[in-house]
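Asker: First the structure, which I've put down as structure tokens, then a few questions once you've had a look.
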Amino acid sequence: MTQDVHEIYAVRYAHHDRKAHENYIGGDPHDVLQPLAYFVWVIRGPHGTFVMDTGFDAAMAAKRGRLITRPVGEGLAAIGTDPERVQDVIISHLHYDHCGNHDLFPRARYHLQDQEMAYATGRCMCHPHQRIPFELDDVTAMVGKVFAGRVVFHDGVETLAPGVTLHRIGGHSKGLQCVRVQTRRGHVVLAADATHLYAHITEGRVFPVTYNVAETLEGYSTIKKLADSPDHIIPGHDPDVVRRYPAAAPGLEDWIVRLD
Ligand SMILES: [Zn+2]
Ligand SMILES: [Zn+2]
């Protein structure tokens with residue numbers, strides 16, 4: 001049991017100021033700012049290190065009007081994770097903010113759901129609206145990794161290592177997956193964009209970028225079952241995460257926190 005206990009780090013790398021109404025289908029009555037934070041996550045345990053998502057770089061931040069607070073590579077270095085040595089990268093989904101920095105992990109295998117690659121390369125991308133959160137360079141970089149033998153495809157629920165499981169949620173993107181991790185405080189779910197903010201899952205609201213609203217809502221139920229409590233659910237873009245959890249080390253406040 002204890003040998004399958006993992007550490008989890010949330011590494012914040014970017015920020016976007018926006019109004020609350022931009023975060024929900026149906027808007028929001030409050031005329032206030034409700035910014036998004038951008039994260040990658042590091043899972044460390046007896047079976048190695050797993051990095052979840054790869055973020056975006058400065059060029060993409062400029063193109064999309066986002067602010068990089070600390071580059072992803074810098075955050076990983078601050079907790080002693082050398083991207084050159086990372087063997088396993090989990091890609092929650094192929095939106096631009098989760099799968100950039102294509103060359104940061106030269107030795108890694110990339111874990112991706114079948115349905116996400118099919119979605120990002122198939123007929124849905126004929127529609128400009130569906131393409132908005134995707135970048136051609138990200139998708140072709142992932143196709144390049146497929147041809148280099150560096151992608152491991154998963155379908156639904158898979159065990160990556162004892163205590164680390166992948167779960168396809170869909171909804172926000174067709175092959176979106178979350179990760180359930182066994183820790184010293186129980187099972188934590190890294191939801192990524194299965195819930196952008198705490199408010200989405202706690203209030204049953206839906207982020208405007210979505211492939212399937214019903215699947216998004218069903219996903220909330222799945223995540224609640226997978227997590228040991230609501231406090232074990234980690235949203236993908238909530239700035240509150242760095243306030244609710246302790247800094248991973250002195251000096252890393254508001255940047256890197258421990259989730260386990
Ligand atoms: Zn997304
Ligand atoms: Zn996202």
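Residue numbering restarts at 1 for every chain of the structure tokens, chains are lettered A, B, ... in their displayed order, and ligands are numbered from 1 as they appear.
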Within 12 Å of ligand 2, which residues of chain A come that close, and what is the closest atom pair and distance in Å for each? Count only C-alpha atoms and all ligand atoms and give it as JSON lines.
Answerer:
{"residue": "A:Ala14", "atom": "CA", "partner": "ligand 2", "partner_atom_place_in_ligand_line": "1 (Zn)", "distance": 11.0}
{"residue": "A:His15", "atom": "CA", "partner": "ligand 2", "partner_atom_place_in_ligand_line": "1 (Zn)", "distance": 11.3}
{"residue": "A:His16", "atom": "CA", "partner": "ligand 2", "partner_atom_place_in_ligand_line": "1 (Zn)", "distance": 11.3}
{"residue": "A:Asn23", "atom": "CA", "partner": "ligand 2", "partner_atom_place_in_ligand_line": "1 (Zn)", "distance": 11.7}
{"residue": "A:Leu36", "atom": "CA", "partner": "ligand 2", "partner_atom_place_in_ligand_line": "1 (Zn)", "distance": 9.0}
{"residue": "A:Ala37", "atom": "CA", "partner": "ligand 2", "partner_atom_place_in_ligand_line": "1 (Zn)", "distance": 9.1}
{"residue": "A:Tyr38", "atom": "CA", "partner": "ligand 2", "partner_atom_place_in_ligand_line": "1 (Zn)", "distance": 7.2}
{"residue": "A:Phe39", "atom": "CA", "partner": "ligand 2", "partner_atom_place_in_ligand_line": "1 (Zn)", "distance": 8.6}
{"residue": "A:Val40", "atom": "CA", "partner": "ligand 2", "partner_atom_place_in_ligand_line": "1 (Zn)", "distance": 10.1}
{"residue": "A:Asp53", "atom": "CA", "partner": "ligand 2", "partner_atom_place_in_ligand_line": "1 (Zn)", "distance": 9.7}
{"residue": "A:Thr54", "atom": "CA", "partner": "ligand 2", "partner_atom_place_in_ligand_line": "1 (Zn)", "distance": 11.0}
{"residue": "A:Gly55", "atom": "CA", "partner": "ligand 2", "partner_atom_place_in_ligand_line": "1 (Zn)", "distance": 8.9}
{"residue": "A:Phe56", "atom": "CA", "partner": "ligand 2", "partner_atom_place_in_ligand_line": "1 (Zn)", "distance": 10.5}
{"residue": "A:Ile91", "atom": "CA", "partner": "ligand 2", "partner_atom_place_in_ligand_line": "1 (Zn)", "distance": 11.2}
{"residue": "A:Ser92", "atom": "CA", "partner": "ligand 2", "partner_atom_place_in_ligand_line": "1 (Zn)", "distance": 9.1}
{"residue": "A:His93", "atom": "CA", "partner": "ligand 2", "partner_atom_place_in_ligand_line": "1 (Zn)", "distance": 8.5}
{"residue": "A:Leu94", "atom": "CA", "partner": "ligand 2", "partner_atom_place_in_ligand_line": "1 (Zn)", "distance": 9.1}
{"residue": "A:His95", "atom": "CA", "partner": "ligand 2", "partner_atom_place_in_ligand_line": "1 (Zn)", "distance": 6.5}
{"residue": "A:Tyr96", "atom": "CA", "partner": "ligand 2", "partner_atom_place_in_ligand_line": "1 (Zn)", "distance": 7.7}
{"residue": "A:Asp97", "atom": "CA", "partner": "ligand 2", "partner_atom_place_in_ligand_line": "1 (Zn)", "distance": 5.4}
{"residue": "A:His98", "atom": "CA", "partner": "ligand 2", "partner_atom_place_in_ligand_line": "1 (Zn)", "distance": 6.2}
{"residue": "A:Cys99", "atom": "CA", "partner": "ligand 2", "partner_atom_place_in_ligand_line": "1 (Zn)", "distance": 9.7}
{"residue": "A:Gly100", "atom": "CA", "partner": "ligand 2", "partner_atom_place_in_ligand_line": "1 (Zn)", "distance": 11.6}
{"residue": "A:Pro133", "atom": "CA", "partner": "ligand 2", "partner_atom_place_in_ligand_line": "1 (Zn)", "distance": 8.6}
{"residue": "A:Phe134", "atom": "CA", "partner": "ligand 2", "partner_atom_place_in_ligand_line": "1 (Zn)", "distance": 10.6}
{"residue": "A:His172", "atom": "CA", "partner": "ligand 2", "partner_atom_place_in_ligand_line": "1 (Zn)", "distance": 9.4}
{"residue": "A:Ser173", "atom": "CA", "partner": "ligand 2", "partner_atom_place_in_ligand_line": "1 (Zn)", "distance": 10.0}
{"residue": "A:Leu176", "atom": "CA", "partner": "ligand 2", "partner_atom_place_in_ligand_line": "1 (Zn)", "distance": 10.4}
{"residue": "A:Ala191", "atom": "CA", "partner": "ligand 2", "partner_atom_place_in_ligand_line": "1 (Zn)", "distance": 10.5}
{"residue": "A:Ala192", "atom": "CA", "partner": "ligand 2", "partner_atom_place_in_ligand_line": "1 (Zn)", "distance": 6.9}
{"residue": "A:Asp193", "atom": "CA", "partner": "ligand 2", "partner_atom_place_in_ligand_line": "1 (Zn)", "distance": 5.3}
{"residue": "A:Ala194", "atom": "CA", "partner": "ligand 2", "partner_atom_place_in_ligand_line": "1 (Zn)", "distance": 9.1}
{"residue": "A:Thr195", "atom": "CA", "partner": "ligand 2", "partner_atom_place_in_ligand_line": "1 (Zn)", "distance": 9.4}
{"residue": "A:His196", "atom": "CA", "partner": "ligand 2", "partner_atom_place_in_ligand_line": "1 (Zn)", "distance": 7.1}
{"residue": "A:Leu197", "atom": "CA", "partner": "ligand 2", "partner_atom_place_in_ligand_line": "1 (Zn)", "distance": 10.5}
{"residue": "A:Phe207", "atom": "CA", "partner": "ligand 2", "partner_atom_place_in_ligand_line": "1 (Zn)", "distance": 10.3}
{"residue": "A:Pro208", "atom": "CA", "partner": "ligand 2", "partner_atom_place_in_ligand_line": "1 (Zn)", "distance": 11.7}
{"residue": "A:Val209", "atom": "CA", "partner": "ligand 2", "partner_atom_place_in_ligand_line": "1 (Zn)", "distance": 9.6}
{"residue": "A:Thr210", "atom": "CA", "partner": "ligand 2", "partner_atom_place_in_ligand_line": "1 (Zn)", "distance": 11.2}
{"residue": "A:Pro235", "atom": "CA", "partner": "ligand 2", "partner_atom_place_in_ligand_line": "1 (Zn)", "distance": 10.0}
{"residue": "A:Gly236", "atom": "CA", "partner": "ligand 2", "partner_atom_place_in_ligand_line": "1 (Zn)", "distance": 6.5}
{"residue": "A:His237", "atom": "CA", "partner": "ligand 2", "partner_atom_place_in_ligand_line": "1 (Zn)", "distance": 6.7}
{"residue": "A:Asp238", "atom": "CA", "partner": "ligand 2", "partner_atom_place_in_ligand_line": "1 (Zn)", "distance": 10.4}
Asker: Enumerate the residues of region 150-243 of chain A with a DSSP assignment of helix (DSSP H, G or I), computed from the backbone, and present them as a PyMOL selection string.
Answerer: chain A and resi 198-203+213-226+230-232+241-243
Asker: Hey, can you spit out that residue selection with N, CA and C atoms as a PDB file, in the first residue's frame?
Answerer:
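Done, and the output landed in selection_33.pdb:
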ATOM      1  N   TYR A 198     -12.885  25.532  -9.617  1.00  0.00           N
ATOM      2  CA  TYR A 198     -13.686  24.839  -8.600  1.00  0.00           C
ATOM      3  C   TYR A 198     -15.174  25.045  -8.864  1.00  0.00           C
ATOM      4  N   ALA A 199     -15.535  26.245  -9.303  1.00  0.00           N
ATOM      5  CA  ALA A 199     -16.955  26.573  -9.488  1.00  0.00           C
ATOM      6  C   ALA A 199     -17.638  25.671 -10.513  1.00  0.00           C
ATOM      7  N   HIS A 200     -16.900  25.219 -11.522  1.00  0.00           N
ATOM      8  CA  HIS A 200     -17.552  24.384 -12.533  1.00  0.00           C
ATOM      9  C   HIS A 200     -18.085  23.090 -11.921  1.00  0.00           C
ATOM     10  N   ILE A 201     -17.252  22.392 -11.195  1.00  0.00           N
ATOM     11  CA  ILE A 201     -17.691  21.092 -10.664  1.00  0.00           C
ATOM     12  C   ILE A 201     -18.594  21.251  -9.447  1.00  0.00           C
ATOM     13  N   THR A 202     -18.360  22.282  -8.621  1.00  0.00           N
ATOM     14  CA  THR A 202     -19.186  22.400  -7.413  1.00  0.00           C
ATOM     15  C   THR A 202     -20.574  22.945  -7.741  1.00  0.00           C
ATOM     16  N   GLU A 203     -20.674  23.761  -8.796  1.00  0.00           N
ATOM     17  CA  GLU A 203     -21.969  24.367  -9.130  1.00  0.00           C
ATOM     18  C   GLU A 203     -22.592  23.766 -10.387  1.00  0.00           C
ATOM     19  N   VAL A 213     -21.672  18.917 -23.879  1.00  0.00           N
ATOM     20  CA  VAL A 213     -22.069  19.411 -22.553  1.00  0.00           C
ATOM     21  C   VAL A 213     -22.477  18.264 -21.626  1.00  0.00           C
ATOM     22  N   ALA A 214     -23.256  17.324 -22.152  1.00  0.00           N
ATOM     23  CA  ALA A 214     -23.732  16.221 -21.303  1.00  0.00           C
ATOM     24  C   ALA A 214     -22.556  15.416 -20.761  1.00  0.00           C
ATOM     25  N   GLU A 215     -21.576  15.180 -21.629  1.00  0.00           N
ATOM     26  CA  GLU A 215     -20.400  14.417 -21.194  1.00  0.00           C
ATOM     27  C   GLU A 215     -19.601  15.193 -20.145  1.00  0.00           C
ATOM     28  N   THR A 216     -19.557  16.506 -20.306  1.00  0.00           N
ATOM     29  CA  THR A 216     -18.885  17.338 -19.301  1.00  0.00           C
ATOM     30  C   THR A 216     -19.531  17.149 -17.938  1.00  0.00           C
ATOM     31  N   LEU A 217     -20.869  17.188 -17.901  1.00  0.00           N
ATOM     32  CA  LEU A 217     -21.594  17.058 -16.637  1.00  0.00           C
ATOM     33  C   LEU A 217     -21.453  15.649 -16.060  1.00  0.00           C
ATOM     34  N   GLU A 218     -21.505  14.635 -16.927  1.00  0.00           N
ATOM     35  CA  GLU A 218     -21.267  13.263 -16.466  1.00  0.00           C
ATOM     36  C   GLU A 218     -19.856  13.128 -15.907  1.00  0.00           C
ATOM     37  N   GLY A 219     -18.926  13.846 -16.540  1.00  0.00           N
ATOM     38  CA  GLY A 219     -17.535  13.830 -16.086  1.00  0.00           C
ATOM     39  C   GLY A 219     -17.396  14.293 -14.653  1.00  0.00           C
ATOM     40  N   TYR A 220     -18.207  15.295 -14.259  1.00  0.00           N
ATOM     41  CA  TYR A 220     -18.157  15.762 -12.863  1.00  0.00           C
ATOM     42  C   TYR A 220     -18.496  14.612 -11.911  1.00  0.00           C
ATOM     43  N   SER A 221     -19.499  13.816 -12.281  1.00  0.00           N
ATOM     44  CA  SER A 221     -19.877  12.673 -11.425  1.00  0.00           C
ATOM     45  C   SER A 221     -18.743  11.661 -11.354  1.00  0.00           C
ATOM     46  N   THR A 222     -18.129  11.391 -12.503  1.00  0.00           N
ATOM     47  CA  THR A 222     -17.022  10.428 -12.526  1.00  0.00           C
ATOM     48  C   THR A 222     -15.882  10.889 -11.631  1.00  0.00           C
ATOM     49  N   ILE A 223     -15.536  12.163 -11.750  1.00  0.00           N
ATOM     50  CA  ILE A 223     -14.421  12.702 -10.967  1.00  0.00           C
ATOM     51  C   ILE A 223     -14.724  12.620  -9.470  1.00  0.00           C
ATOM     52  N   LYS A 224     -15.966  12.926  -9.103  1.00  0.00           N
ATOM     53  CA  LYS A 224     -16.333  12.870  -7.684  1.00  0.00           C
ATOM     54  C   LYS A 224     -16.220  11.440  -7.143  1.00  0.00           C
ATOM     55  N   LYS A 225     -16.516  10.461  -8.008  1.00  0.00           N
ATOM     56  CA  LYS A 225     -16.377   9.067  -7.573  1.00  0.00           C
ATOM     57  C   LYS A 225     -14.912   8.677  -7.435  1.00  0.00           C
ATOM     58  N   LEU A 226     -14.075   9.207  -8.310  1.00  0.00           N
ATOM     59  CA  LEU A 226     -12.662   8.821  -8.317  1.00  0.00           C
ATOM     60  C   LEU A 226     -11.887   9.462  -7.166  1.00  0.00           C
ATOM     61  N   PRO A 230     -14.289  16.063  -2.079  1.00  0.00           N
ATOM     62  CA  PRO A 230     -14.178  17.247  -2.956  1.00  0.00           C
ATOM     63  C   PRO A 230     -12.809  17.923  -2.845  1.00  0.00           C
ATOM     64  N   ASP A 231     -12.187  17.832  -1.665  1.00  0.00           N
ATOM     65  CA  ASP A 231     -10.865  18.434  -1.486  1.00  0.00           C
ATOM     66  C   ASP A 231      -9.762  17.661  -2.205  1.00  0.00           C
ATOM     67  N   HIS A 232     -10.090  16.515  -2.753  1.00  0.00           N
ATOM     68  CA  HIS A 232      -9.108  15.726  -3.503  1.00  0.00           C
ATOM     69  C   HIS A 232      -9.215  15.963  -5.006  1.00  0.00           C
ATOM     70  N   VAL A 241      -5.817  27.298  -6.495  1.00  0.00           N
ATOM     71  CA  VAL A 241      -5.022  26.114  -6.146  1.00  0.00           C
ATOM     72  C   VAL A 241      -3.729  26.516  -5.427  1.00  0.00           C
ATOM     73  N   VAL A 242      -3.072  27.589  -5.890  1.00  0.00           N
ATOM     74  CA  VAL A 242      -1.811  27.975  -5.252  1.00  0.00           C
ATOM     75  C   VAL A 242      -2.042  28.672  -3.906  1.00  0.00           C
ATOM     76  N   ARG A 243      -3.294  29.011  -3.603  1.00  0.00           N
ATOM     77  CA  ARG A 243      -3.597  29.575  -2.291  1.00  0.00           C
ATOM     78  C   ARG A 243      -4.047  28.500  -1.298  1.00  0.00           C
TER      79      ARG A 243
END
Asker: Please provide the set of residues having any atom within 9 Å of Gln3 (chain A), restricted to only C-alpha atoms, with same-chain residues fewer than 6 positions apart removed, written as a PyMOL selection string.
Answerer: chain A and resi 45-46+162
Asker: Between A:Asp82, A:Asp137, A:Asp254, A:Glu116, single out the one closest to ligand 1, counting only C-alpha atoms and all ligand atoms.
Answerer: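 Nearest candidate to ligand 1 out of A:Asp82, A:Asp137, A:Asp254, A:Glu116: A:Glu116.
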Asker: Kindly give the distance, in Å, that separates CA of Glu84 (chain A) and CA of Met142 (chain A), rounded to a single decimal.
Answerer: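 Those two atoms sit 17.8 Å apart.
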Asker: Give me the residues within 6 Å of region 101-108 of chain A as a ChimeraX atom specification, counting only C-alpha atoms and dropping any in the same chain fewer than 5 places off.
Answerer: /A:56-57,83-84,86-88
Asker: Could you write out the selected residues, including all heavy atoms, as a short mmCIF file (atom, residue, chain, number, x, y, z; two decimals), in the first residue's frame?
Answerer:
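Final file, result12.cif:
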data_model
loop_
_atom_site.label_atom_id
_atom_site.label_comp_id
_atom_site.auth_asym_id
_atom_site.auth_seq_id
_atom_site.Cartn_x
_atom_site.Cartn_y
_atom_site.Cartn_z
N PHE A 56 2.57 25.89 -22.61
CA PHE A 56 2.91 26.56 -23.88
C PHE A 56 4.13 27.44 -23.68
O PHE A 56 4.53 27.72 -22.53
CB PHE A 56 1.73 27.35 -24.45
CG PHE A 56 1.07 28.34 -23.51
CD1 PHE A 56 1.70 29.52 -23.13
CD2 PHE A 56 -0.21 28.08 -23.02
CE1 PHE A 56 1.08 30.43 -22.29
CE2 PHE A 56 -0.83 28.98 -22.15
CZ PHE A 56 -0.19 30.17 -21.79
N ASP A 57 4.74 27.88 -24.79
CA ASP A 57 5.96 28.67 -24.71
C ASP A 57 5.66 30.15 -24.94
O ASP A 57 4.50 30.56 -25.12
CB ASP A 57 7.01 28.14 -25.70
CG ASP A 57 6.56 28.23 -27.15
OD1 ASP A 57 5.53 28.91 -27.45
OD2 ASP A 57 7.23 27.63 -28.02
N PRO A 83 13.77 18.10 -17.25
CA PRO A 83 12.92 17.66 -18.37
C PRO A 83 13.64 16.68 -19.31
O PRO A 83 13.01 15.79 -19.87
CB PRO A 83 12.60 18.97 -19.11
CG PRO A 83 12.78 20.04 -18.10
CD PRO A 83 13.87 19.56 -17.17
N GLU A 84 14.95 16.83 -19.44
CA GLU A 84 15.73 15.94 -20.33
C GLU A 84 15.64 14.48 -19.89
O GLU A 84 15.86 13.58 -20.68
CB GLU A 84 17.20 16.36 -20.32
CG GLU A 84 17.45 17.75 -20.83
CD GLU A 84 18.14 17.75 -22.19
OE1 GLU A 84 18.71 16.70 -22.55
OE2 GLU A 84 18.05 18.78 -22.88
N VAL A 86 12.97 13.15 -18.09
CA VAL A 86 11.60 12.66 -17.88
C VAL A 86 11.27 11.58 -18.91
O VAL A 86 11.50 11.76 -20.11
CB VAL A 86 10.59 13.83 -17.97
CG1 VAL A 86 9.15 13.32 -18.01
CG2 VAL A 86 10.79 14.78 -16.79
N GLN A 87 10.75 10.47 -18.43
CA GLN A 87 10.45 9.32 -19.31
C GLN A 87 8.99 9.28 -19.74
O GLN A 87 8.68 8.70 -20.77
CB GLN A 87 10.74 8.01 -18.55
CG GLN A 87 12.14 7.89 -18.02
CD GLN A 87 13.09 7.28 -19.04
OE1 GLN A 87 12.65 6.70 -20.01
NE2 GLN A 87 14.37 7.46 -18.81
N ASP A 88 8.10 9.86 -18.91
CA ASP A 88 6.67 9.73 -19.19
C ASP A 88 5.96 11.06 -19.06
O ASP A 88 6.02 11.70 -18.00
CB ASP A 88 6.04 8.73 -18.22
CG ASP A 88 6.52 7.31 -18.48
OD1 ASP A 88 6.01 6.70 -19.44
OD2 ASP A 88 7.40 6.84 -17.75
#
Asker: Using DSSP on the backbone coordinates, identify the residues of region 59-248 of chain A assigned to strand (DSSP E); present them as a ChimeraX atom specification.
Answerer: /A:67-68,88-90,109-113,151-154,157-161,164-168,177-183,186-192,233-235
Asker: Name the closest residue to ligand 1 among the candidates A:Ala248, A:Ile132, A:Val139, A:Ile68; distances are taken between atoms, counting only C-alpha atoms and all ligand atoms.
Answerer: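 Using only C-alpha atoms and all ligand atoms, the shortest distance to ligand 1 belongs to A:Ile132.
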Asker: Nearest residue to ligand 1 out of A:Gln34, A:Gln130, A:Gln182, A:Thr140, using only C-alpha atoms and all ligand atoms?
Answerer: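 The answer is A:Gln130, which sits nearest to ligand 1.
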Asker: Can you measure CA of His129 (chain A) to CA of Arg168 (chain A) for me? One decimal in Å is fine.
Answerer: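 CA of Arg168 (chain A) lies at a distance of 22.7 Å from CA of His129 (chain A).
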